[in-house]
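The structure under discussion appears below in the form of structure tokens.
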Amino acid sequence: MPLSVLLDRQSVFSWLMMAAPLAFLAALVGYPFFYGILLSLEYRPVAHTGTFVGLKNFIADAHDAVFWRTALNTFIYTGVATLLKMVGGLGLALAMNQHFRMKNLVRALLLLPFIVPTVLSTVAWLWMLDPAFSVVNRLLVALGWPKPGPSWLGDPTLAMVSIIIINTWRGLPFYGITLLAGLQTVPSELYEAASIDGAGGWQRFRYITLPMLRPIILIVTLFSVIFTFADFQLVYVLTHGGPANATQLFATYAFDIAMGAGQLGLGASVALAMLPALALLIVALTIYLRRE
Amino acid sequence: MTGPAINHPTTNRRGFLKLAAAGTAAALSRPGPAGAAEKTITILHESSFIKPFDEYVSKTLAPAYEKETGIKVNYEVTSVGSLPTRISTIAETGSGADVTMNGLLQVIQFSNKYLDVGDIADDLGKAQGGWYDAAKEGVVVDGKWKAIPFANIGQLMNWRTDHFAEVGVKKFPETWEELHEVGKKLKAKDHPFGFELGHGFGDNHGWLYPLLWSYGGAEVASDGKTVVINSDETARAVDFCRAFFKDTMLDDCLGWTDVSNNKAWMADQISCTNNAESILWFAKREFPDIAKATDQAMNPAGPKGRFHLLNLISHSIFSFSPVKEEARAFMRWLMEPKQLGGWYAIADSYYQPLLHGYDNAPMWNVEPRNLPYRDALANAHLPGWPAPASRQLAESVAKYVVVDMFAKACAGTSTKDVIKDAEAQLKDIYRSA
């Protein structure tokens with residue numbers, strides 16, 4: 001069959017057109033992913049050829065106390081930060097949905113924490129949390145806290161609190177703006193009808209706003225959980241996992257092992273340990289969304 | 001079966017495909033960058049804290065070498081902290097640079113991708129007074145010189161003479177116990193100490209390994225296999241560290257990274273820390289009043305002696321480099337007294353030579369307060385000492401095993417528990433040895 005006729009077939013032509021994006025996906029998403037899985041099954045010091053060791057790396061992880069500390073940290077960090085972002089973001093969206101002067105300017109400004117590169121804004125936080133230069137501590141000391149004020153990044157618990165607060169600050173606009181977009185699609189007739197039927201503010205929120213927003217809340221949460229779970233920059237800049245691994249997350253620990261220690265296989269196994277938890281969550285959310 | 005035709009005219013589609021094919025062909029046949037005749041050696045370096053140091057290569061040494069030999073030297077600088085990642089990429093892909101600078105652990109990790117440069121090292125040693133023992137400890141892997149030692153960036157005690165004078169101390173204390181006593185008095189006068197106990201790159205290991213050694217503790221025995229951290233000596237070092245932290249330091253030190261002590265120093269917040277010479281270099285330029293009152297001293301001694309952490313930097317040639325022989329010749333040239341001496345001198349004595357020929361070089365007269373850095377080389381060792389360099393040692397450093405052992409004790413965990421945790425971690429790491 002001549003080439004020209006073959007190309008006229010829709011099935012052939014459409015696949016031809018899709019070949020480029022598919023190759024792109026395979027090269028940039030598929031290859032690293034499967035290479036990562038392969039690495040995690042190897043004893044693979046950097047610059048050496050690997051030897052297949054099966055699940056040995058994962059067994060080593062299971063025996064590593066720091067790995068479990070890291071897992072716990074990551075779940076606490078993701079859970080608390082996501083919850084705060086969800087509640088805060090919803091509040092933000094509701095407030096932004098009101099009519100007030102310079103509404104558009106305020107909405108644009110809200111996006112700032114999200115726009116500024118994470119490393120830059122985190123360095124700013126680093127200064128803000130430094131006991132000697134901190135605006136936070138200066139304020140607290142002025143209010144009567146004993147000098148030099150709390151050690152935000154030196155105390156293990158406060159260090160975790162600090163990274164959660166900063167992650168929330170950074171992620172709030174994403175929630176806020178997306179939910180705001182959702183709010184604006186709720187038909188005003190519904191509220192009018194409810195008001196005529198005698199529904200108060202809380203009832204309108206509970207029985208109209210929330211159900212209408214639910215699909216969007218779910219999707220935003222899904223994204224946010226993935227981003228937060230795999231967070232790296234914030235911790236890397238602020239504490240590098242310290243003090244004594246109190247803020248170590250999967251991504252930073254995997255980086256230290258793979259790049260610092262040069263154990264690519266073991267590092268990949270730590271990074272991949274996030275996969276089952278994330279996959280379960282994604283599947284659960286997708287099933288829930290389908291049912292809606 | 002023929003598939004249904006798409007709605008728009010077929011000529012357009014065919015024309016588009018032809019056009020695309022023609023475009024690709026044109027792109028492929030475009031001539032490549034000119035000049036295969038001209039040879040280039042690319043040398044990768046981590047950006048120096050001392051700005052003129054990098055400029056000296058790109059503006060003085062490289063042009064001089066090109067004039068002499070016609071070979072271009074491309075000096076590529078990578079940001080602080082990114083060197084290991086860059087070398088990993090180059091070693092894994094087999095391209096990107098011909099010569100690289102190494103930090104402390106890279107010689108061990110990448111030794112099988114580096115050329116044996118023992119001949120160059122031998123000749124250099126003979127010509128320039130011999131190598132310090134520490135130089136060999138840092139670059140000889142399995143009996144072969146896998147790098148040419150360049151310099152040590154020592155970690156020493158930096159102390160404020162004015163604050164110490166307030167409690168009647170004119171000379172830096174000789175032992176950790178004495179320093180502890182002075183520190184108590186200084187903290188009471190609102191001049192606390194600040195030593196990094198968090199997850200930085202160097203200022204934490206810089207004093208904690210020497211502290212451990214000076215009390216007689218060690219991670220592994222000299223066989224490089226037997227984990228010996230669980231000892232009375234380690235326990236005494238940990239107990240000392242907890243009290244030292246509590247009585248002399250800021251609470252915040254537990255969360256510090258490498259910038260923190262420099263920041264606190266320039267803000268007149270602390271009276272003693274452990275850092276490289278860069279702290280004085282920077283103060284002299286930006287905070288002259290603080291620089292005037294800054295002095296430096298060797299680490300204090302413990303019951304088992306005085307120790308320092310070897311923080312050696314060196315240069316290696318990649319075995320896959322297409323210009324191996326040219327790179328060897330370049331390294332020989334670079335390490336000649338004229339070039340090397342000039343390069344050292346431009347940074348005062350931030351980089352401490354590892355060849356005895358420079359022991360009394362004029363560079364030491366520029367800043368006599370840096371002399372302890374030279375003398376500290378006599379008892380400087382790699383982390384993991386007395387075990388030889390190994391990949392396990394690198395893993396222990398990257399996992400902050402020793403740092404976290406001390407840090408957890410300072411945060412209140414019992415000595416027994418922190419040592420047990422470190423022992424379990426080290427046994428996992430050294431299982432593969």
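Here's how to read the names in the structure tokens: chain A, B, ... by the order shown, residue numbers from 1 in each chain, ligand numbers from 1 in the order shown.
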### Message
Excluding region 219-235 of chain A and its own-chain neighbours fewer than 2 positions away, which residues fall within 7 Å of it when counting only C-alpha atoms? Please give them as a list in words.
### Response
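That gives Thr74, Thr78, Thr82, Thr118, Val119, Thr122, Tyr175, Pro215, Ile216, Ile217, Val237, Leu238, Thr239, His240, Gly241, Ala251, Thr252 and Ile282 of chain A.
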Residue selection dump (N, CA and C atoms) as a PDB file, in the first residue's frame:
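Once everything was written out, this is out-v8.pdb:
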ATOM      1  N   THR A  74       6.667  12.763  58.022  1.00  0.00           N
ATOM      2  CA  THR A  74       6.028  13.101  56.750  1.00  0.00           C
ATOM      3  C   THR A  74       4.505  13.057  56.893  1.00  0.00           C
ATOM      4  N   THR A  78       2.247  16.339  56.468  1.00  0.00           N
ATOM      5  CA  THR A  78       1.246  16.383  55.410  1.00  0.00           C
ATOM      6  C   THR A  78      -0.152  16.530  55.989  1.00  0.00           C
ATOM      7  N   THR A  82      -2.135  20.004  55.475  1.00  0.00           N
ATOM      8  CA  THR A  82      -3.252  19.936  54.534  1.00  0.00           C
ATOM      9  C   THR A  82      -4.551  20.370  55.195  1.00  0.00           C
ATOM     10  N   THR A 118      10.009  29.230  46.179  1.00  0.00           N
ATOM     11  CA  THR A 118      10.016  28.682  47.542  1.00  0.00           C
ATOM     12  C   THR A 118      11.325  28.948  48.272  1.00  0.00           C
ATOM     13  N   VAL A 119      12.435  28.782  47.562  1.00  0.00           N
ATOM     14  CA  VAL A 119      13.723  28.942  48.231  1.00  0.00           C
ATOM     15  C   VAL A 119      13.860  30.362  48.778  1.00  0.00           C
ATOM     16  N   THR A 122      11.544  30.956  51.705  1.00  0.00           N
ATOM     17  CA  THR A 122      11.995  30.190  52.869  1.00  0.00           C
ATOM     18  C   THR A 122      13.196  30.860  53.533  1.00  0.00           C
ATOM     19  N   TYR A 175      -5.248  26.892  47.565  1.00  0.00           N
ATOM     20  CA  TYR A 175      -6.573  26.495  48.031  1.00  0.00           C
ATOM     21  C   TYR A 175      -7.570  27.633  47.847  1.00  0.00           C
ATOM     22  N   PRO A 215     -16.605  18.575  45.160  1.00  0.00           N
ATOM     23  CA  PRO A 215     -15.675  17.998  44.173  1.00  0.00           C
ATOM     24  C   PRO A 215     -14.383  18.802  44.061  1.00  0.00           C
ATOM     25  N   ILE A 216     -14.502  20.125  44.135  1.00  0.00           N
ATOM     26  CA  ILE A 216     -13.294  20.949  44.014  1.00  0.00           C
ATOM     27  C   ILE A 216     -12.404  20.782  45.234  1.00  0.00           C
ATOM     28  N   ILE A 217     -13.016  20.748  46.416  1.00  0.00           N
ATOM     29  CA  ILE A 217     -12.225  20.558  47.637  1.00  0.00           C
ATOM     30  C   ILE A 217     -11.433  19.257  47.528  1.00  0.00           C
ATOM     31  N   VAL A 237      16.184  23.979  52.928  1.00  0.00           N
ATOM     32  CA  VAL A 237      16.719  25.312  53.215  1.00  0.00           C
ATOM     33  C   VAL A 237      16.688  25.612  54.710  1.00  0.00           C
ATOM     34  N   LEU A 238      15.598  25.264  55.353  1.00  0.00           N
ATOM     35  CA  LEU A 238      15.366  25.711  56.721  1.00  0.00           C
ATOM     36  C   LEU A 238      16.157  24.919  57.756  1.00  0.00           C
ATOM     37  N   THR A 239      16.082  23.606  57.711  1.00  0.00           N
ATOM     38  CA  THR A 239      16.683  22.799  58.786  1.00  0.00           C
ATOM     39  C   THR A 239      17.535  21.660  58.261  1.00  0.00           C
ATOM     40  N   HIS A 240      17.413  21.336  57.012  1.00  0.00           N
ATOM     41  CA  HIS A 240      18.123  20.191  56.440  1.00  0.00           C
ATOM     42  C   HIS A 240      17.781  18.908  57.197  1.00  0.00           C
ATOM     43  N   GLY A 241      16.567  18.862  57.756  1.00  0.00           N
ATOM     44  CA  GLY A 241      16.145  17.651  58.463  1.00  0.00           C
ATOM     45  C   GLY A 241      16.420  17.683  59.959  1.00  0.00           C
ATOM     46  N   ALA A 251      11.583  12.984  51.208  1.00  0.00           N
ATOM     47  CA  ALA A 251      12.361  13.536  50.098  1.00  0.00           C
ATOM     48  C   ALA A 251      13.760  13.951  50.547  1.00  0.00           C
ATOM     49  N   THR A 252      13.856  14.599  51.725  1.00  0.00           N
ATOM     50  CA  THR A 252      15.168  15.064  52.170  1.00  0.00           C
ATOM     51  C   THR A 252      16.042  13.887  52.607  1.00  0.00           C
ATOM     52  N   ILE A 282      -4.714   8.271  46.442  1.00  0.00           N
ATOM     53  CA  ILE A 282      -5.203   8.720  45.137  1.00  0.00           C
ATOM     54  C   ILE A 282      -6.340   7.820  44.654  1.00  0.00           C
TER      55      ILE A 282
END
Could you give me, as a Markdown table, a per-residue list for region 176-289 of chain A showing, wherever an atom lies at most 12 Å from an atom of region 84-97 of chain B, the closest pair of atoms and their distance in Å to one decimal, using only C-alpha atoms and sorting by chain then residue number from low to high?
| residue | atom | partner | partner_atom | distance |
| --- | --- | --- | --- | --- |
| A:Phe255 | CA | B:Thr85 | CA | 10.0 |
| A:Asp256 | CA | B:Thr85 | CA | 10.7 |
| A:Ile257 | CA | B:Thr85 | CA | 11.9 |
| A:Ala258 | CA | B:Thr85 | CA | 9.5 |
| A:Met259 | CA | B:Thr85 | CA | 6.1 |
| A:Gly260 | CA | B:Pro84 | CA | 7.1 |
| A:Ala261 | CA | B:Pro84 | CA | 9.6 |
| A:Gly262 | CA | B:Ser88 | CA | 8.2 |
| A:Gln263 | CA | B:Ser88 | CA | 11.1 |
| A:Leu264 | CA | B:Ser88 | CA | 10.2 |
### Message
Can you work out which residues from chain A touch chain B at a cut-off of 6 Å (counting only C-alpha atoms) and hand them back as a VMD selection string?
### Response
chain A and resid 8 to 10 47 151 153 to 154 240 242 to 244 256 260 to 261
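Between CA of Gln296 (chain B) and CA of Pro368 (chain B) there is a distance of 9.8 Å.
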#### Entry: Backbone-only DSSP, strand (DSSP E or B) members of region 12-201 of chain B, as an NGL selection string
:B and (40-46 or 72-78 or 99-102 or 114 or 131 or 140-141 or 144-145 or 148-152 or 156-160 or 175 or 193)
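Between Ala283 (chain B) and the candidates B:Ala301, B:Pro388, B:Asn158, B:Asn204, the tightest atom-to-atom separation, counting only C-alpha atoms, involves B:Asn158.
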### Task
Go through B:Pro353, B:Pro210, B:Pro149, B:Gly154 one by one, measure the shortest atom-to-atom distance of each to Tyr373 (chain B) using only C-alpha atoms, and give the residue with the smallest value.
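The answer is B:Gly154, which sits nearest to Tyr373 (chain B).
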### Query
How would you write, as JSON, numbers by chain, the set of residues in region 129-257 of chain A that DSSP gives as alpha helix (DSSP H)?
{"A": [135, 136, 137, 138, 139, 140, 141, 142, 156, 157, 158, 159, 160, 161, 162, 163, 164, 165, 166, 167, 168, 169, 170, 171, 172, 173, 174, 175, 176, 177, 178, 179, 180, 181, 182, 183, 188, 189, 190, 191, 192, 193, 194, 195, 196, 201, 202, 203, 204, 210, 211, 212, 213, 214, 215, 216, 217, 218, 219, 220, 221, 222, 223, 224, 225, 226, 227, 228, 229, 233, 234, 235, 236, 237, 238, 250, 251, 252, 253, 254, 255]}
### Task
Quick one: pull the distance between CA of Lys126 (chain B) and CA of Ser319 (chain B), Å, one decimal.
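Computed distance, CA of Lys126 (chain B) to CA of Ser319 (chain B), equals 25.1 Å.
Coordinates place CA of Ile279 (chain B) at a distance of 6.3 Å from CA of Asn262 (chain B).
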### Task
Might you pull out every residue within 9 Å of Ser162 (chain A), with only C-alpha atoms counted and same-chain residues fewer than 3 positions away left off, and present them as a ChimeraX atom specification?
/A:129,152-153,157-159,165-167
### Query
Which of these residues is nearest to Tyr77 (chain A), using only C-alpha atoms: A:Tyr191, A:Phe24, A:Tyr288, A:Phe250?
A:Phe250
Compile the contact shell of region 202-214 of chain A as a PDB file with N, CA and C atoms, in the first residue's frame: residues with an atom at most 12 Å away, counting only C-alpha atoms, same-chain residues fewer than 6 positions apart removed.
ATOM      1  N   MET A  86      -6.796  23.489  54.133  1.00  0.00           N
ATOM      2  CA  MET A  86      -8.172  23.290  53.687  1.00  0.00           C
ATOM      3  C   MET A  86      -9.106  24.251  54.406  1.00  0.00           C
ATOM      4  N   LEU A  90     -10.616  27.644  52.659  1.00  0.00           N
ATOM      5  CA  LEU A  90     -12.062  27.811  52.516  1.00  0.00           C
ATOM      6  C   LEU A  90     -12.486  29.151  53.097  1.00  0.00           C
ATOM      7  N   GLY A  91     -11.931  29.467  54.271  1.00  0.00           N
ATOM      8  CA  GLY A  91     -12.236  30.750  54.897  1.00  0.00           C
ATOM      9  C   GLY A  91     -11.818  31.907  53.996  1.00  0.00           C
ATOM     10  N   ALA A  93     -11.425  31.870  50.753  1.00  0.00           N
ATOM     11  CA  ALA A  93     -12.277  31.933  49.565  1.00  0.00           C
ATOM     12  C   ALA A  93     -13.603  32.597  49.896  1.00  0.00           C
ATOM     13  N   LEU A  94     -14.185  32.248  51.050  1.00  0.00           N
ATOM     14  CA  LEU A  94     -15.466  32.843  51.440  1.00  0.00           C
ATOM     15  C   LEU A  94     -15.315  34.341  51.631  1.00  0.00           C
ATOM     16  N   ASN A  97     -14.944  36.178  48.393  1.00  0.00           N
ATOM     17  CA  ASN A  97     -16.144  36.126  47.564  1.00  0.00           C
ATOM     18  C   ASN A  97     -17.114  37.247  47.922  1.00  0.00           C
ATOM     19  N   TYR A 175      -5.248  26.892  47.565  1.00  0.00           N
ATOM     20  CA  TYR A 175      -6.573  26.495  48.031  1.00  0.00           C
ATOM     21  C   TYR A 175      -7.570  27.633  47.847  1.00  0.00           C
ATOM     22  N   THR A 178      -8.481  28.546  44.143  1.00  0.00           N
ATOM     23  CA  THR A 178      -9.227  27.487  43.472  1.00  0.00           C
ATOM     24  C   THR A 178     -10.642  27.387  44.029  1.00  0.00           C
ATOM     25  N   LEU A 179     -10.768  27.462  45.346  1.00  0.00           N
ATOM     26  CA  LEU A 179     -12.093  27.380  45.946  1.00  0.00           C
ATOM     27  C   LEU A 179     -12.924  28.610  45.595  1.00  0.00           C
ATOM     28  N   LEU A 180     -12.261  29.744  45.469  1.00  0.00           N
ATOM     29  CA  LEU A 180     -12.970  30.963  45.080  1.00  0.00           C
ATOM     30  C   LEU A 180     -13.586  30.788  43.692  1.00  0.00           C
ATOM     31  N   ALA A 181     -12.789  30.199  42.796  1.00  0.00           N
ATOM     32  CA  ALA A 181     -13.319  29.930  41.455  1.00  0.00           C
ATOM     33  C   ALA A 181     -14.536  29.016  41.550  1.00  0.00           C
ATOM     34  N   GLY A 182     -14.458  28.024  42.450  1.00  0.00           N
ATOM     35  CA  GLY A 182     -15.578  27.112  42.645  1.00  0.00           C
ATOM     36  C   GLY A 182     -16.798  27.838  43.173  1.00  0.00           C
ATOM     37  N   LEU A 183     -16.571  28.740  44.128  1.00  0.00           N
ATOM     38  CA  LEU A 183     -17.681  29.477  44.749  1.00  0.00           C
ATOM     39  C   LEU A 183     -18.453  30.280  43.712  1.00  0.00           C
ATOM     40  N   GLN A 184     -17.701  30.811  42.741  1.00  0.00           N
ATOM     41  CA  GLN A 184     -18.354  31.689  41.775  1.00  0.00           C
ATOM     42  C   GLN A 184     -19.210  30.930  40.769  1.00  0.00           C
ATOM     43  N   THR A 185     -19.064  29.607  40.765  1.00  0.00           N
ATOM     44  CA  THR A 185     -19.916  28.845  39.855  1.00  0.00           C
ATOM     45  C   THR A 185     -21.222  28.429  40.522  1.00  0.00           C
ATOM     46  N   VAL A 186     -21.351  28.695  41.836  1.00  0.00           N
ATOM     47  CA  VAL A 186     -22.606  28.335  42.513  1.00  0.00           C
ATOM     48  C   VAL A 186     -23.682  29.337  42.082  1.00  0.00           C
ATOM     49  N   PRO A 187     -24.782  28.860  41.475  1.00  0.00           N
ATOM     50  CA  PRO A 187     -25.804  29.786  40.974  1.00  0.00           C
ATOM     51  C   PRO A 187     -26.440  30.565  42.121  1.00  0.00           C
ATOM     52  N   SER A 188     -26.581  31.874  41.953  1.00  0.00           N
ATOM     53  CA  SER A 188     -27.118  32.692  43.040  1.00  0.00           C
ATOM     54  C   SER A 188     -28.591  32.376  43.290  1.00  0.00           C
ATOM     55  N   GLU A 189     -29.269  31.797  42.285  1.00  0.00           N
ATOM     56  CA  GLU A 189     -30.688  31.444  42.473  1.00  0.00           C
ATOM     57  C   GLU A 189     -30.868  30.505  43.650  1.00  0.00           C
ATOM     58  N   LEU A 190     -29.877  29.601  43.817  1.00  0.00           N
ATOM     59  CA  LEU A 190     -29.988  28.631  44.910  1.00  0.00           C
ATOM     60  C   LEU A 190     -30.043  29.342  46.248  1.00  0.00           C
ATOM     61  N   TYR A 191     -29.144  30.363  46.397  1.00  0.00           N
ATOM     62  CA  TYR A 191     -29.119  31.108  47.663  1.00  0.00           C
ATOM     63  C   TYR A 191     -30.417  31.881  47.841  1.00  0.00           C
ATOM     64  N   GLU A 192     -30.892  32.497  46.731  1.00  0.00           N
ATOM     65  CA  GLU A 192     -32.135  33.279  46.811  1.00  0.00           C
ATOM     66  C   GLU A 192     -33.290  32.396  47.234  1.00  0.00           C
ATOM     67  N   ALA A 193     -33.384  31.230  46.583  1.00  0.00           N
ATOM     68  CA  ALA A 193     -34.466  30.313  46.910  1.00  0.00           C
ATOM     69  C   ALA A 193     -34.383  29.891  48.372  1.00  0.00           C
ATOM     70  N   ALA A 194     -33.150  29.615  48.831  1.00  0.00           N
ATOM     71  CA  ALA A 194     -32.968  29.175  50.212  1.00  0.00           C
ATOM     72  C   ALA A 194     -33.355  30.285  51.175  1.00  0.00           C
ATOM     73  N   SER A 195     -32.962  31.513  50.829  1.00  0.00           N
ATOM     74  CA  SER A 195     -33.292  32.646  51.700  1.00  0.00           C
ATOM     75  C   SER A 195     -34.801  32.800  51.823  1.00  0.00           C
ATOM     76  N   ILE A 196     -35.501  32.631  50.670  1.00  0.00           N
ATOM     77  CA  ILE A 196     -36.962  32.763  50.680  1.00  0.00           C
ATOM     78  C   ILE A 196     -37.575  31.682  51.570  1.00  0.00           C
ATOM     79  N   VAL A 220      -8.479  19.652  45.009  1.00  0.00           N
ATOM     80  CA  VAL A 220      -7.414  20.494  45.553  1.00  0.00           C
ATOM     81  C   VAL A 220      -6.669  19.748  46.644  1.00  0.00           C
ATOM     82  N   THR A 221      -7.412  19.027  47.464  1.00  0.00           N
ATOM     83  CA  THR A 221      -6.772  18.267  48.535  1.00  0.00           C
ATOM     84  C   THR A 221      -5.831  17.215  47.962  1.00  0.00           C
ATOM     85  N   LEU A 285      -9.507   8.553  46.686  1.00  0.00           N
ATOM     86  CA  LEU A 285     -10.142   9.814  46.306  1.00  0.00           C
ATOM     87  C   LEU A 285     -10.802   9.713  44.934  1.00  0.00           C
ATOM     88  N   TYR A 288     -14.038   7.849  45.192  1.00  0.00           N
ATOM     89  CA  TYR A 288     -15.015   8.709  45.842  1.00  0.00           C
ATOM     90  C   TYR A 288     -15.577   9.728  44.859  1.00  0.00           C
ATOM     91  N   LEU A 289     -14.670  10.295  44.050  1.00  0.00           N
ATOM     92  CA  LEU A 289     -15.097  11.314  43.076  1.00  0.00           C
ATOM     93  C   LEU A 289     -16.002  10.717  42.014  1.00  0.00           C
ATOM     94  N   GLU A 292     -19.576  10.413  43.011  1.00  0.00           N
ATOM     95  CA  GLU A 292     -20.347  11.653  43.143  1.00  0.00           C
ATOM     96  C   GLU A 292     -21.250  11.886  41.945  1.00  0.00           C
TER      97      GLU A 292
END
### Task
Tell me which protein, DNA and RNA residues are within 8 Å of Ile153 (chain B), counting only C-alpha atoms, leaving out same-chain ones fewer than 4 positions away, and put them as a ChimeraX atom specification.
/B:276-277,310-313,350-352
Since we have the selection now, will you write its residues out, keeping C-alpha atoms, as a compact mmCIF listing (two decimals), in the first residue's frame?
# COMPACT_ATOMS: atom_id res chain seq x y z
CA ALA B 276 36.80 27.85 59.04
CA GLU B 277 39.00 30.92 58.58
CA LEU B 310 40.54 16.94 58.06
CA ASN B 311 38.62 18.99 55.53
CA LEU B 312 40.77 18.31 52.53
CA ILE B 313 40.09 19.47 49.01
CA TYR B 350 42.10 30.20 53.97
CA TYR B 351 43.48 27.24 51.99
CA GLN B 352 46.23 25.53 53.97
### Task
Excluding Val270 (chain A) and residues on its chain fewer than 6 positions from it, collect all residues at most 9 Å away from it, counting only C-alpha atoms, and give them as a ChimeraX atom specification.
/A:40,57-58,61,67,250-251,253-254,257
Give me a file of those residues, with N, CA and C atoms, as a PDB file, in the first residue's frame.
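Contents of part01.pdb, as written:
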ATOM      1  N   SER A  40      15.920   0.939  43.137  1.00  0.00           N
ATOM      2  CA  SER A  40      15.584   0.577  44.518  1.00  0.00           C
ATOM      3  C   SER A  40      15.809  -0.910  44.774  1.00  0.00           C
ATOM      4  N   ASN A  57      17.047  -3.521  50.118  1.00  0.00           N
ATOM      5  CA  ASN A  57      17.055  -2.112  50.513  1.00  0.00           C
ATOM      6  C   ASN A  57      15.840  -1.773  51.359  1.00  0.00           C
ATOM      7  N   PHE A  58      14.686  -2.325  50.970  1.00  0.00           N
ATOM      8  CA  PHE A  58      13.460  -2.033  51.707  1.00  0.00           C
ATOM      9  C   PHE A  58      13.510  -2.666  53.100  1.00  0.00           C
ATOM     10  N   ASP A  61      15.577  -0.415  55.136  1.00  0.00           N
ATOM     11  CA  ASP A  61      14.761   0.732  55.558  1.00  0.00           C
ATOM     12  C   ASP A  61      13.917   0.369  56.776  1.00  0.00           C
ATOM     13  N   PHE A  67      14.375   6.002  59.379  1.00  0.00           N
ATOM     14  CA  PHE A  67      13.366   5.856  58.331  1.00  0.00           C
ATOM     15  C   PHE A  67      11.959   5.975  58.932  1.00  0.00           C
ATOM     16  N   PHE A 250      10.585  12.282  53.785  1.00  0.00           N
ATOM     17  CA  PHE A 250      11.020  11.260  52.832  1.00  0.00           C
ATOM     18  C   PHE A 250      11.967  11.836  51.775  1.00  0.00           C
ATOM     19  N   ALA A 251      11.583  12.984  51.208  1.00  0.00           N
ATOM     20  CA  ALA A 251      12.361  13.536  50.098  1.00  0.00           C
ATOM     21  C   ALA A 251      13.760  13.951  50.547  1.00  0.00           C
ATOM     22  N   TYR A 253      15.431  12.900  53.236  1.00  0.00           N
ATOM     23  CA  TYR A 253      16.219  11.738  53.684  1.00  0.00           C
ATOM     24  C   TYR A 253      16.721  10.952  52.473  1.00  0.00           C
ATOM     25  N   ALA A 254      15.849  10.782  51.490  1.00  0.00           N
ATOM     26  CA  ALA A 254      16.250  10.069  50.270  1.00  0.00           C
ATOM     27  C   ALA A 254      17.398  10.808  49.591  1.00  0.00           C
ATOM     28  N   ILE A 257      20.728  10.269  51.456  1.00  0.00           N
ATOM     29  CA  ILE A 257      21.292   8.929  51.259  1.00  0.00           C
ATOM     30  C   ILE A 257      21.815   8.769  49.828  1.00  0.00           C
TER      31      ILE A 257
END
### Message
as a PyMOL selection string, please: the residues near Thr100 (chain B) (cut-off 6 Å, only C-alpha atoms, same-chain neighbours under 5 positions excluded).
### Response
chain B and resi 43-44+315-316
Print the selection's residues with N, CA and C atoms to a file, as a PDB file, in the first residue's frame.
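Result saved to part36.pdb:
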ATOM      1  N   ILE B  43      37.632  22.285  33.998  1.00  0.00           N
ATOM      2  CA  ILE B  43      37.890  21.976  35.401  1.00  0.00           C
ATOM      3  C   ILE B  43      36.730  22.492  36.247  1.00  0.00           C
ATOM      4  N   LEU B  44      36.146  21.584  37.025  1.00  0.00           N
ATOM      5  CA  LEU B  44      34.976  21.930  37.838  1.00  0.00           C
ATOM      6  C   LEU B  44      35.415  22.277  39.257  1.00  0.00           C
ATOM      7  N   HIS B 315      42.198  17.593  43.685  1.00  0.00           N
ATOM      8  CA  HIS B 315      41.789  17.577  42.279  1.00  0.00           C
ATOM      9  C   HIS B 315      41.984  16.186  41.681  1.00  0.00           C
ATOM     10  N   SER B 316      40.993  15.732  40.935  1.00  0.00           N
ATOM     11  CA  SER B 316      41.086  14.433  40.267  1.00  0.00           C
ATOM     12  C   SER B 316      40.850  14.589  38.783  1.00  0.00           C
TER      13      SER B 316
END
### Task
Kindly indicate which residue among B:Glu76, B:Asp417, B:Asp295, B:Glu38 lies nearest to Asn230 (chain B), using only C-alpha atoms for the distances.
B:Asp417
